[in-house]
Amino acid sequence: MNFWLRNKNIAAKVRFFIHLIAKDFHLGIYKFIKPFFPAGWQRNIHYFKLGIMAKLNRGNTHYCACCDKQFKGFEDMGEGSHPRKNVRCPGCHSMERHRMLAGYLEKEKEKFFFNGCRILYLAPVVGVIQVLKNIPDTTYKGADLDSIWADEHFDLMDIPHPDSSFDFILCSHILAHVHDDKKALRELLRTLSPKGHLILLDRIHDIPTTMEASKNTDAKEREKIVGQSDRFRKYGLDFKQRIQNEGWNIEEIDYASTLSPASIHRQRLRTDEFIYVCKRSF
Ligand SMILES: [Zn+2]
């Protein structure tokens, strides 16, 4: 409210007021009534809100490779001791890792995509969905346990599709959340075509060995062991070896290192996140 009293710019006051309404609608009333809306309605409301926020934040300081728009700034995320400034795209809610991936896929599209390429995106988020759906002459399927953004709902450890069903699978920040990541990796191997690509994104910590919580631990114990209640493991520097052990060749891509500091700043990317491109090893 101090912002409202201090700021003499009428347009800024209007933007701030609309932002408050949108935020409260989303966190308060909308959160309560959301389960009663069909998924299609929920998606449309979300797109409507993104459209408003994109217009309010138009500018040319920052660029989002996911929605291909420019903004005067991104949204702040995180709370308490871990606030993160200027990180989420107001037009598609992409984070640093999503924009990094969008830039990389655009650069390497001929390597991954071809006429008739069958794409599977696990745990889809808005910004990346539109990147993958915009690739011409491909078929797209999004899957998750219960997300409104998914076309199908299933468990990654038991994918209900025949062998070699997909040519490109994107699995972003999921493996740490399933209780048996080896089983999930075997399912990914089974459903990917022999010449297909699997892209993995996950948070890798600067610890020599991955820390794991067993299937039977409750949320409180998991928070103590791996630092987050909805995760079963905290991947360490043995991440690549763990993937290789399940029958994959894996290549670590440092996409940010191919960009200038100005471009990294403009897109608000991180320099400590990597993309893992995997292929079957046999
Ligand atoms: Zn965006």
# chains A, B, ... in the order shown; residues from 1 in each chain; ligands from 1
call {"tool": "residues_near_ligand", "arguments": {"ligand": "ligand 1", "cutoff": "8 Å", "atoms": "only C-alpha atoms and all ligand atoms", "output": "PyMOL selection string"}}
result
chain A and resi 63-69+89-94+99+127
call {"tool": "closest_residue", "arguments": {"among": "A:Asp218, A:Asp167, A:Glu106, A:Asp180", "to": "Lys195 in chain A", "atoms": "only C-alpha atoms"}}
result
A:Asp167
call {"tool": "closest_atom_pairs", "arguments": {"of": "range 41-149 of chain A", "to": "range 158-163 of chain A", "cutoff": "12 Å", "atoms": "only C-alpha atoms", "output": "tab-separated table"}}
result
residue	atom	partner	partner_atom	distance
A:Leu120	CA	A:His161	CA	11.0
A:Leu122	CA	A:Ile159	CA	10.7
A:Lys141	CA	A:His161	CA	11.8
A:Ala143	CA	A:Ile159	CA	9.7
A:Asp144	CA	A:Ile159	CA	10.5
A:Leu145	CA	A:Ile159	CA	11.0
call {"tool": "atom_distance", "arguments": {"atom1": "CA of Cys171 in chain A", "atom2": "CA of Val87 in chain A"}}
result
21.3 Å
call {"tool": "select_by_dssp", "arguments": {"residues": "range 160-274 of chain A", "states": "alpha helix (DSSP H)", "output": "PyMOL selection string"}}
result
chain A and resi 181-191+219-226+239-244+261-267
call {"tool": "residues_around", "arguments": {"residues": "range 254-261 of chain A", "least_positions_apart": "2", "cutoff": "9 Å", "atoms": "only C-alpha atoms", "output": "PyMOL selection string"}}
result
chain A and resi 100-101+103-104+252+263-266+269-275
call {"tool": "write_last_selection", "arguments": {"atoms": "C-alpha atoms", "output": "PDB file, in the first residue's frame"}}
result
ATOM      1  CA  MET A 100      17.276 -21.589 -21.722  1.00  0.00           C
ATOM      2  CA  LEU A 101      15.613 -24.680 -23.193  1.00  0.00           C
ATOM      3  CA  GLY A 103      16.689 -20.922 -26.961  1.00  0.00           C
ATOM      4  CA  TYR A 104      18.582 -24.201 -27.230  1.00  0.00           C
ATOM      5  CA  GLU A 252      25.770 -32.078 -20.794  1.00  0.00           C
ATOM      6  CA  SER A 263      22.131 -11.787 -23.919  1.00  0.00           C
ATOM      7  CA  ILE A 264      22.161 -13.795 -20.669  1.00  0.00           C
ATOM      8  CA  HIS A 265      21.065 -10.690 -18.782  1.00  0.00           C
ATOM      9  CA  ARG A 266      18.443  -9.739 -21.364  1.00  0.00           C
ATOM     10  CA  LEU A 269      19.150 -16.927 -17.719  1.00  0.00           C
ATOM     11  CA  ARG A 270      21.244 -18.709 -15.108  1.00  0.00           C
ATOM     12  CA  THR A 271      24.820 -19.741 -15.809  1.00  0.00           C
ATOM     13  CA  ASP A 272      24.694 -22.739 -13.457  1.00  0.00           C
ATOM     14  CA  GLU A 273      21.896 -24.673 -15.190  1.00  0.00           C
ATOM     15  CA  PHE A 274      22.551 -27.296 -17.858  1.00  0.00           C
ATOM     16  CA  ILE A 275      20.584 -29.288 -20.397  1.00  0.00           C
TER      17      ILE A 275
END
call {"tool": "closest_residue", "arguments": {"among": "A:Ser214, A:Ser281, A:Thr209, A:Thr138", "to": "Val178 in chain A", "atoms": "only C-alpha atoms"}}
result
A:Ser214
call {"tool": "closest_residue", "arguments": {"among": "A:Ile243, A:Ile10, A:Ile135, A:Cys278", "to": "Pro194 in chain A", "atoms": "only C-alpha atoms"}}
result
A:Cys278
call {"tool": "closest_residue", "arguments": {"among": "A:Lys49, A:Arg233, A:His197, A:His179", "to": "Ile119 in chain A", "atoms": "only C-alpha atoms"}}
result
A:His197
call {"tool": "closest_residue", "arguments": {"among": "A:Ala150, A:Val128, A:Leu105, A:Val226", "to": "Ala176 in chain A", "atoms": "only C-alpha atoms"}}
result
A:Val226
